[in-house]
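Read through the structure below, which is laid out as structure tokens, and then see the notes.
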Protein chains: 2
Amino acid sequence: MDTIKDLGEFGLIEKIKNLFEQPKDALGIGDDCAVIPIYDKNILVTVDTLIENIHFFSNHPMDKLAYKAININISDIVACGGIPRWAFLSLSLNPEMKTSSLEMFLYNLQINFSKNNIFLLGGNTTKDDKLSINITLIGETDKPILRSSAKENQDVYVTGKIGCAACGFWALKNNVTESNECLERFLAPKARIDLIDKIKPYATAMIDVSDGLLQDAIHICTSSNIGMNIFLENINLCKSNHLSDIDKITLGEDYELLFCAEKKYRNSILKIGDIKLIGQTNNSKKLTIYDNDNIVVPKQYGFTHF
Amino acid sequence: MDTIKDLGEFGLIEKIKNLFEQPKDALGIGDDCAVIPIYDKNILVTVDTLIENIHFFSNHPMDKLAYKAININISDIVACGGIPRWAFLSLSLNPEMKTSSLEMFLYNLQINFSKNNIFLLGGNTTKDDKLSINITLIGETDKPILRSSAKENQDVYVTGKIGCAACGFWALKNNVTESNECLERFLAPKARIDLIDKIKPYATAMIDVSDGLLQDAIHICTSSNIGMNIFLENINLCKSNHLSDIDKITLGEDYELLFCAEKKYRNSILKIGDIKLIGQTNNSKKLTIYDNDNIVVPKQYGFTHF
């Protein structure tokens, strides 16, 4: 544990969680958003960072980067059952960056803010040797949907198609051709704000699939103190040949919604569309992945930074 | 205006301000904090970034860096007349960073959070080639004190000693000896949370001195649509010989409070202690600096990033 690399991302988060006392009147570290109740409102807060050559390549089109920067934050608010309201933008910029390039970013960010009724209320700008974008997004919800409220014997669902973003990233990294769908899903992922109102009445627990479907399923299991069976053949997997099925459910960046619901709502939920029933919760306290009756044990469950 | 360097920091902020529509029910870009009214509460939000080799040197002691990281944010909340409540920490870390070094940072951050009743509710961690710290701090106030509410014919005050942090920075950069006071003021600046309750009943407008006293005075003038005379000989200036008096009031990082108040409160305000009456507001819409009856026109008014 000499270096951050040895400690690992989740080791680091665990260290921070243990060190900083959490308040009794708000929900802090451990979900997609923090939840601060103010009278009858629940204020949701999330923050995400995108760094050049870490999270995106230098040639990432600026309009798509703007779309991505706000959507990965909207996704966290949506995963807690909220709507986005106010944003704060921290930009680190290389002084030699072309103004026209930054204008393209800002112009498209503004379009996406406007479309989602988000107001930019502040932030800061600073010099650096490369571009970093850090957005704090504040939202509201009448009823927060947390990772920690799943119960055993419930259904597990995921929205949309899984693995496209990872295939898009892989293709760009290795400079090979890939479908527009996969490239787009990596370059400009879309938060599932379109589905939230329909899912919200049923979801007992929810998370957005950013670390990888399996890792995020484990987050629900750990937070809710339950177990889960997931059936690989039921997942709407990306058709690209560039990555294995297991890679597609571990490499993340899908920004789809993974949620649990009581079995009695199965018909209503499947009628919504673009949602797959992929598993069930149980009391095993572990995640088991089945591929047509065979148990699969992946080498890794998701993406970590260190 | 081809590059960000040509556009300049305030040109960039102006561009962002013009592009993004501001809401009617909240105060956005243009003050130390954003103000979001929720029923009878005013939620204050500020965000600040510290980047290795841009804002601090690689050998910045980790305990002092933690102190600085939270105090520069507390300073913004205090400058709006609020108290800090909840924080979000984004850390970019080199995977080879020593865990013991990060632990020193986190441990001291926790001590400062605890001392100020601030709860860490979330954030994110990511890989980078160097250390960056981005903190979003949320506070509360019954009555926000803004930059925009100064009137002409009021007194102008500043707390504490001005220029020490700039002298400390200069000494560290040029590897020369400097007083502990100056070094400490750069390495671990202290937000004037100790004075806020005493100043708040009188302050009509307020700002924290982070960009440089003159630049921040101009921010009040522009926002309030007034002018200001400032008398150099009345400022409690740092005694170090490393920088000129003008440099001391332009290079910033003091994190003292600059505020305006009605003249009738002069005796009450000066009785608080550690506060100097340094000028008066007027209707000239410009800042004039006097040095013993001579007008001084500085080459620059404050620090800008680009």
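Chain labels A, B, ... are given in the sequence in which chains occur in the structure tokens; within each chain residues are numbered consecutively from 1, and ligands are likewise numbered from 1 in the order shown.
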
Same-sequence superposition of chain B onto chain A, all C-alpha, as a short mmCIF file (atom, residue, chain, number, x, y, z; two decimals) with C-alpha atoms, in the first residue's frame:
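Ended up saving to result.cif:
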```cif
data_model
loop_
_atom_site.label_atom_id
_atom_site.label_comp_id
_atom_site.auth_asym_id
_atom_site.auth_seq_id
_atom_site.Cartn_x
_atom_site.Cartn_y
_atom_site.Cartn_z
CA MET B 1 0.01 -0.04 0.01
CA ASP B 2 2.97 2.27 -0.61
CA THR B 3 1.46 4.10 -3.56
CA ILE B 4 -2.02 5.10 -4.71
CA LYS B 5 -1.71 2.40 -7.40
CA ASP B 6 -1.30 -0.24 -4.67
CA LEU B 7 -4.21 1.17 -2.67
CA GLY B 8 -6.57 1.17 -5.68
CA GLU B 9 -9.54 3.43 -6.41
CA PHE B 10 -12.03 1.69 -4.13
CA GLY B 11 -9.41 1.34 -1.37
CA LEU B 12 -8.92 5.08 -1.59
CA ILE B 13 -12.67 5.81 -1.50
CA GLU B 14 -13.02 3.45 1.49
CA LYS B 15 -10.20 5.30 3.27
CA ILE B 16 -11.90 8.65 2.66
CA LYS B 17 -15.28 7.27 3.75
CA ASN B 18 -13.83 5.96 7.02
CA LEU B 19 -11.90 9.14 7.77
CA PHE B 20 -14.68 11.67 7.24
CA GLU B 21 -17.62 11.48 9.63
CA GLN B 22 -20.95 11.53 7.77
CA PRO B 23 -23.80 13.79 8.89
CA LYS B 24 -27.09 12.52 10.29
CA ASP B 25 -29.20 14.99 8.32
CA ALA B 26 -27.84 14.24 4.81
CA LEU B 27 -26.74 11.26 2.70
CA GLY B 28 -23.06 11.53 1.84
CA ILE B 29 -20.39 9.35 0.26
CA GLY B 30 -21.52 6.09 -1.35
CA ASP B 31 -24.21 6.81 -3.94
CA ASP B 32 -24.40 8.44 -7.39
CA CYS B 33 -25.29 11.72 -5.67
CA ALA B 34 -25.26 13.17 -2.19
CA VAL B 35 -28.74 13.96 -0.87
CA ILE B 36 -29.29 17.07 1.26
CA PRO B 37 -32.87 17.41 2.54
CA ILE B 38 -34.01 21.03 2.86
CA TYR B 39 -37.58 21.14 4.18
CA ASP B 40 -39.59 18.99 1.70
CA LYS B 41 -36.98 19.19 -1.06
CA ASN B 42 -34.10 16.77 -1.58
CA ILE B 43 -31.10 18.50 -3.11
CA LEU B 44 -28.93 16.09 -5.12
CA VAL B 45 -25.26 16.93 -5.74
CA THR B 46 -22.78 15.14 -8.00
CA VAL B 47 -19.37 16.04 -9.40
CA ASP B 48 -17.40 14.51 -12.29
CA THR B 49 -14.07 15.20 -13.94
CA LEU B 50 -12.91 14.65 -17.54
CA ILE B 51 -9.17 15.01 -18.18
CA GLU B 52 -7.53 15.16 -21.62
CA ASN B 53 -5.61 11.97 -22.43
CA ILE B 54 -7.10 10.25 -19.37
CA HIS B 55 -10.86 10.33 -20.06
CA PHE B 56 -10.82 11.63 -23.63
CA PHE B 57 -8.38 11.86 -26.52
CA SER B 58 -7.05 15.26 -27.64
CA ASN B 59 -9.00 14.99 -30.90
CA HIS B 60 -12.36 14.38 -29.16
CA PRO B 61 -14.76 16.65 -31.10
CA MET B 62 -15.60 19.62 -28.87
CA ASP B 63 -19.36 19.44 -29.49
CA LYS B 64 -19.42 15.80 -28.36
CA LEU B 65 -17.12 16.52 -25.40
CA ALA B 66 -19.58 19.17 -24.17
CA TYR B 67 -22.42 16.66 -24.57
CA LYS B 68 -20.46 14.03 -22.65
CA ALA B 69 -19.35 16.40 -19.86
CA ILE B 70 -22.90 17.33 -18.93
CA ASN B 71 -24.55 13.96 -19.65
CA ILE B 72 -22.27 11.97 -17.32
CA ASN B 73 -23.38 14.32 -14.54
CA ILE B 74 -27.05 14.29 -15.55
CA SER B 75 -26.80 10.49 -15.46
CA ASP B 76 -25.91 10.58 -11.74
CA ILE B 77 -28.84 12.88 -10.95
CA VAL B 78 -31.20 10.68 -12.99
CA ALA B 79 -29.88 7.52 -11.27
CA CYS B 80 -31.02 9.08 -7.96
CA GLY B 81 -34.46 9.80 -9.44
CA GLY B 82 -33.92 13.53 -9.79
CA ILE B 83 -33.96 16.31 -12.32
CA PRO B 84 -30.90 18.51 -12.94
CA ARG B 85 -31.14 22.22 -12.04
CA TRP B 86 -27.87 24.13 -11.50
CA ALA B 87 -24.30 23.55 -12.69
CA PHE B 88 -20.80 24.78 -11.79
CA LEU B 89 -18.05 24.48 -14.39
CA SER B 90 -14.33 24.30 -13.55
CA LEU B 91 -12.14 24.51 -16.63
CA SER B 92 -8.39 23.98 -16.70
CA LEU B 93 -7.08 25.24 -20.02
CA ASN B 94 -3.85 25.35 -21.93
CA PRO B 95 -3.28 29.07 -22.69
CA GLU B 96 -2.34 28.06 -26.28
CA MET B 97 -5.73 26.38 -26.83
CA LYS B 98 -7.57 27.87 -29.81
CA THR B 99 -10.39 30.19 -28.69
CA SER B 100 -12.56 28.79 -31.53
CA SER B 101 -12.16 25.30 -30.07
CA LEU B 102 -13.24 26.42 -26.60
CA GLU B 103 -16.12 28.39 -28.12
CA MET B 104 -17.32 25.21 -29.84
CA PHE B 105 -17.24 23.47 -26.44
CA LEU B 106 -19.04 26.28 -24.61
CA TYR B 107 -21.63 26.80 -27.33
CA ASN B 108 -22.60 23.13 -27.30
CA LEU B 109 -22.55 22.98 -23.52
CA GLN B 110 -24.98 25.90 -23.48
CA ILE B 111 -27.30 24.11 -25.95
CA ASN B 112 -27.36 21.04 -23.70
CA PHE B 113 -27.90 23.13 -20.58
CA SER B 114 -30.75 24.95 -22.24
CA LYS B 115 -32.35 21.72 -23.52
CA ASN B 116 -32.33 20.28 -19.97
CA ASN B 117 -33.29 23.53 -18.17
CA ILE B 118 -29.93 23.60 -16.38
CA PHE B 119 -28.49 26.97 -15.37
CA LEU B 120 -24.74 27.55 -15.13
CA LEU B 121 -24.31 29.45 -11.85
CA GLY B 122 -20.53 29.57 -11.47
CA GLY B 123 -17.24 27.75 -11.49
CA ASN B 124 -13.66 28.71 -12.10
CA THR B 125 -11.02 28.83 -14.81
CA THR B 126 -7.34 28.08 -14.40
CA LYS B 127 -4.22 27.54 -16.46
CA ASP B 128 -2.89 24.02 -17.03
CA ASP B 129 -0.94 22.16 -19.70
CA LYS B 130 -4.06 20.35 -20.94
CA LEU B 131 -7.84 20.53 -20.87
CA SER B 132 -9.74 19.34 -17.77
CA ILE B 133 -13.46 19.73 -17.25
CA ASN B 134 -14.99 19.39 -13.81
CA ILE B 135 -18.73 19.88 -13.43
CA THR B 136 -20.67 20.01 -10.18
CA LEU B 137 -24.34 19.42 -10.93
CA ILE B 138 -27.12 20.10 -8.43
CA GLY B 139 -30.54 18.56 -8.91
CA GLU B 140 -33.78 18.04 -7.01
CA THR B 141 -36.06 15.12 -6.30
CA ASP B 142 -39.20 14.51 -4.27
CA LYS B 143 -38.03 10.96 -3.56
CA PRO B 144 -34.37 9.90 -3.93
CA ILE B 145 -33.75 6.41 -5.32
CA LEU B 146 -30.62 5.01 -3.70
CA ARG B 147 -28.29 2.07 -4.26
CA SER B 148 -28.94 0.85 -0.75
CA SER B 149 -32.66 0.13 -0.88
CA ALA B 150 -32.84 -3.09 -2.94
CA LYS B 151 -34.38 -6.13 -1.24
CA GLU B 152 -33.88 -9.83 -1.96
CA ASN B 153 -36.25 -11.60 -4.38
CA GLN B 154 -36.62 -8.58 -6.66
CA ASP B 155 -36.09 -8.30 -10.42
CA VAL B 156 -32.97 -6.64 -11.84
CA TYR B 157 -33.25 -4.53 -15.02
CA VAL B 158 -30.95 -2.55 -17.23
CA THR B 159 -31.89 0.04 -19.86
CA GLY B 160 -30.48 0.24 -23.38
CA LYS B 161 -27.55 -1.56 -24.96
CA ILE B 162 -24.44 -2.43 -22.95
CA GLY B 163 -20.82 -2.39 -24.15
CA CYS B 164 -21.03 0.00 -27.09
CA ALA B 165 -19.08 2.78 -25.39
CA ALA B 166 -16.30 0.35 -24.43
CA CYS B 167 -16.09 -0.89 -28.05
CA GLY B 168 -16.03 2.70 -29.30
CA PHE B 169 -13.22 3.58 -26.89
CA TRP B 170 -11.25 0.47 -27.84
CA ALA B 171 -11.57 1.25 -31.56
CA LEU B 172 -10.43 4.86 -31.12
CA LYS B 173 -7.53 3.78 -28.92
CA ASN B 174 -6.40 1.15 -31.42
CA ASN B 175 -7.21 3.26 -34.45
CA VAL B 176 -9.53 0.70 -36.10
CA THR B 177 -12.94 1.27 -37.70
CA GLU B 178 -16.08 0.82 -35.60
CA SER B 179 -19.80 1.48 -36.06
CA ASN B 180 -21.02 5.03 -35.63
CA GLU B 181 -23.24 3.79 -32.82
CA CYS B 182 -20.28 2.57 -30.76
CA LEU B 183 -18.14 5.65 -31.46
CA GLU B 184 -21.03 7.95 -30.60
CA ARG B 185 -21.78 6.08 -27.37
CA PHE B 186 -18.20 6.71 -26.20
CA LEU B 187 -17.84 10.24 -27.58
CA ALA B 188 -21.27 11.56 -26.60
CA PRO B 189 -23.10 9.26 -24.15
CA LYS B 190 -26.72 10.10 -23.41
CA ALA B 191 -28.10 10.10 -19.87
CA ARG B 192 -31.42 8.18 -19.71
CA ILE B 193 -33.38 11.24 -18.64
CA ASP B 194 -35.98 10.07 -21.23
CA LEU B 195 -36.84 6.99 -19.13
CA ILE B 196 -36.63 8.25 -15.57
CA ASP B 197 -40.27 9.28 -15.11
CA LYS B 198 -41.43 5.86 -16.30
CA ILE B 199 -38.94 3.87 -14.20
CA LYS B 200 -39.22 5.93 -11.02
CA PRO B 201 -42.57 4.55 -9.77
CA TYR B 202 -41.11 1.02 -9.73
CA ALA B 203 -37.37 1.28 -8.93
CA THR B 204 -36.45 0.21 -5.39
CA ALA B 205 -32.73 0.84 -5.98
CA MET B 206 -30.87 2.31 -8.94
CA ILE B 207 -27.36 3.17 -10.20
CA ASP B 208 -25.98 4.41 -13.50
CA VAL B 209 -23.71 1.99 -15.34
CA SER B 210 -20.48 4.01 -15.46
CA ASP B 211 -17.91 1.69 -13.83
CA GLY B 212 -19.14 -1.38 -15.76
CA LEU B 213 -22.41 -3.28 -15.36
CA LEU B 214 -20.94 -5.95 -13.04
CA GLN B 215 -19.11 -3.46 -10.82
CA ASP B 216 -22.23 -1.32 -10.54
CA ALA B 217 -24.35 -4.39 -9.75
CA ILE B 218 -21.88 -5.12 -6.94
CA HIS B 219 -22.30 -1.55 -5.70
CA ILE B 220 -26.06 -2.20 -5.32
CA CYS B 221 -25.40 -5.58 -3.64
CA THR B 222 -22.92 -4.14 -1.14
CA SER B 223 -24.97 -1.04 -0.35
CA SER B 224 -28.22 -3.04 -0.03
CA ASN B 225 -26.57 -6.01 1.72
CA ILE B 226 -28.04 -8.48 -0.80
CA GLY B 227 -26.84 -10.81 -3.58
CA MET B 228 -27.71 -10.94 -7.27
CA ASN B 229 -27.85 -13.42 -10.15
CA ILE B 230 -27.31 -11.86 -13.57
CA PHE B 231 -28.00 -13.76 -16.80
CA LEU B 232 -25.60 -12.72 -19.56
CA GLU B 233 -27.90 -13.98 -22.34
CA ASN B 234 -30.65 -11.61 -21.19
CA ILE B 235 -28.51 -8.46 -21.53
CA ASN B 236 -28.94 -6.39 -24.68
CA LEU B 237 -25.24 -6.54 -25.58
CA CYS B 238 -23.49 -4.47 -28.23
CA LYS B 239 -22.92 -6.56 -31.41
CA SER B 240 -19.38 -5.33 -32.10
CA ASN B 241 -16.70 -8.04 -32.41
CA HIS B 242 -13.99 -5.89 -30.92
CA LEU B 243 -14.55 -6.92 -27.33
CA SER B 244 -15.71 -10.10 -25.56
CA ASP B 245 -19.11 -10.22 -23.86
CA ILE B 246 -17.41 -10.08 -20.46
CA ASP B 247 -15.42 -7.00 -21.47
CA LYS B 248 -18.66 -5.37 -22.57
CA ILE B 249 -20.19 -5.78 -19.10
CA THR B 250 -17.07 -4.74 -17.21
CA LEU B 251 -15.49 -1.81 -19.08
CA GLY B 252 -18.23 0.70 -18.31
CA GLU B 253 -19.08 4.17 -19.62
CA ASP B 254 -22.55 2.98 -20.74
CA TYR B 255 -24.48 5.52 -18.64
CA GLU B 256 -27.52 3.24 -18.77
CA LEU B 257 -29.66 2.64 -15.67
CA LEU B 258 -29.41 -0.56 -13.62
CA PHE B 259 -32.31 -0.93 -11.20
CA CYS B 260 -34.28 -3.35 -9.03
CA ALA B 261 -38.06 -3.66 -8.72
CA GLU B 262 -40.70 -5.88 -7.15
CA LYS B 263 -41.59 -8.86 -9.39
CA LYS B 264 -45.26 -7.88 -9.50
CA TYR B 265 -44.39 -4.87 -11.68
CA ARG B 266 -42.61 -6.99 -14.33
CA ASN B 267 -45.22 -6.53 -17.08
CA SER B 268 -45.55 -2.80 -16.50
CA ILE B 269 -41.78 -2.32 -16.57
CA LEU B 270 -41.17 -4.39 -19.71
CA LYS B 271 -43.94 -2.44 -21.47
CA ILE B 272 -41.90 0.79 -21.06
CA GLY B 273 -39.52 -0.40 -23.80
CA ASP B 274 -35.70 -0.38 -24.15
CA ILE B 275 -35.44 -2.18 -20.79
CA LYS B 276 -34.24 -5.76 -20.24
CA LEU B 277 -34.93 -8.04 -17.28
CA ILE B 278 -31.42 -9.38 -16.62
CA GLY B 279 -31.52 -10.99 -13.19
CA GLN B 280 -32.87 -11.37 -9.69
CA THR B 281 -31.72 -10.34 -6.25
CA ASN B 282 -31.23 -12.90 -3.48
CA ASN B 283 -29.75 -13.22 0.00
CA SER B 284 -26.36 -14.63 -1.10
CA LYS B 285 -24.56 -11.27 -0.64
CA LYS B 286 -22.56 -11.95 -3.80
CA LEU B 287 -22.93 -11.39 -7.53
CA THR B 288 -23.18 -14.52 -9.69
CA ILE B 289 -23.06 -14.30 -13.48
CA TYR B 290 -24.67 -17.02 -15.59
CA ASP B 291 -24.04 -17.59 -19.28
CA ASN B 292 -26.72 -20.08 -20.41
CA ASP B 293 -26.63 -22.05 -17.12
CA ASN B 294 -22.82 -21.88 -16.78
CA ILE B 295 -21.38 -19.74 -14.04
CA VAL B 296 -18.85 -17.20 -15.35
CA VAL B 297 -16.15 -15.80 -13.07
CA PRO B 298 -14.65 -12.70 -14.70
CA LYS B 299 -11.05 -11.67 -14.07
CA GLN B 300 -12.21 -8.15 -13.22
CA TYR B 301 -15.64 -6.73 -12.47
CA GLY B 302 -15.17 -3.19 -13.68
CA PHE B 303 -12.94 -0.27 -14.46
CA THR B 304 -10.79 1.30 -11.76
CA HIS B 305 -8.54 4.31 -12.16
CA PHE B 306 -5.48 3.08 -10.27
#
```
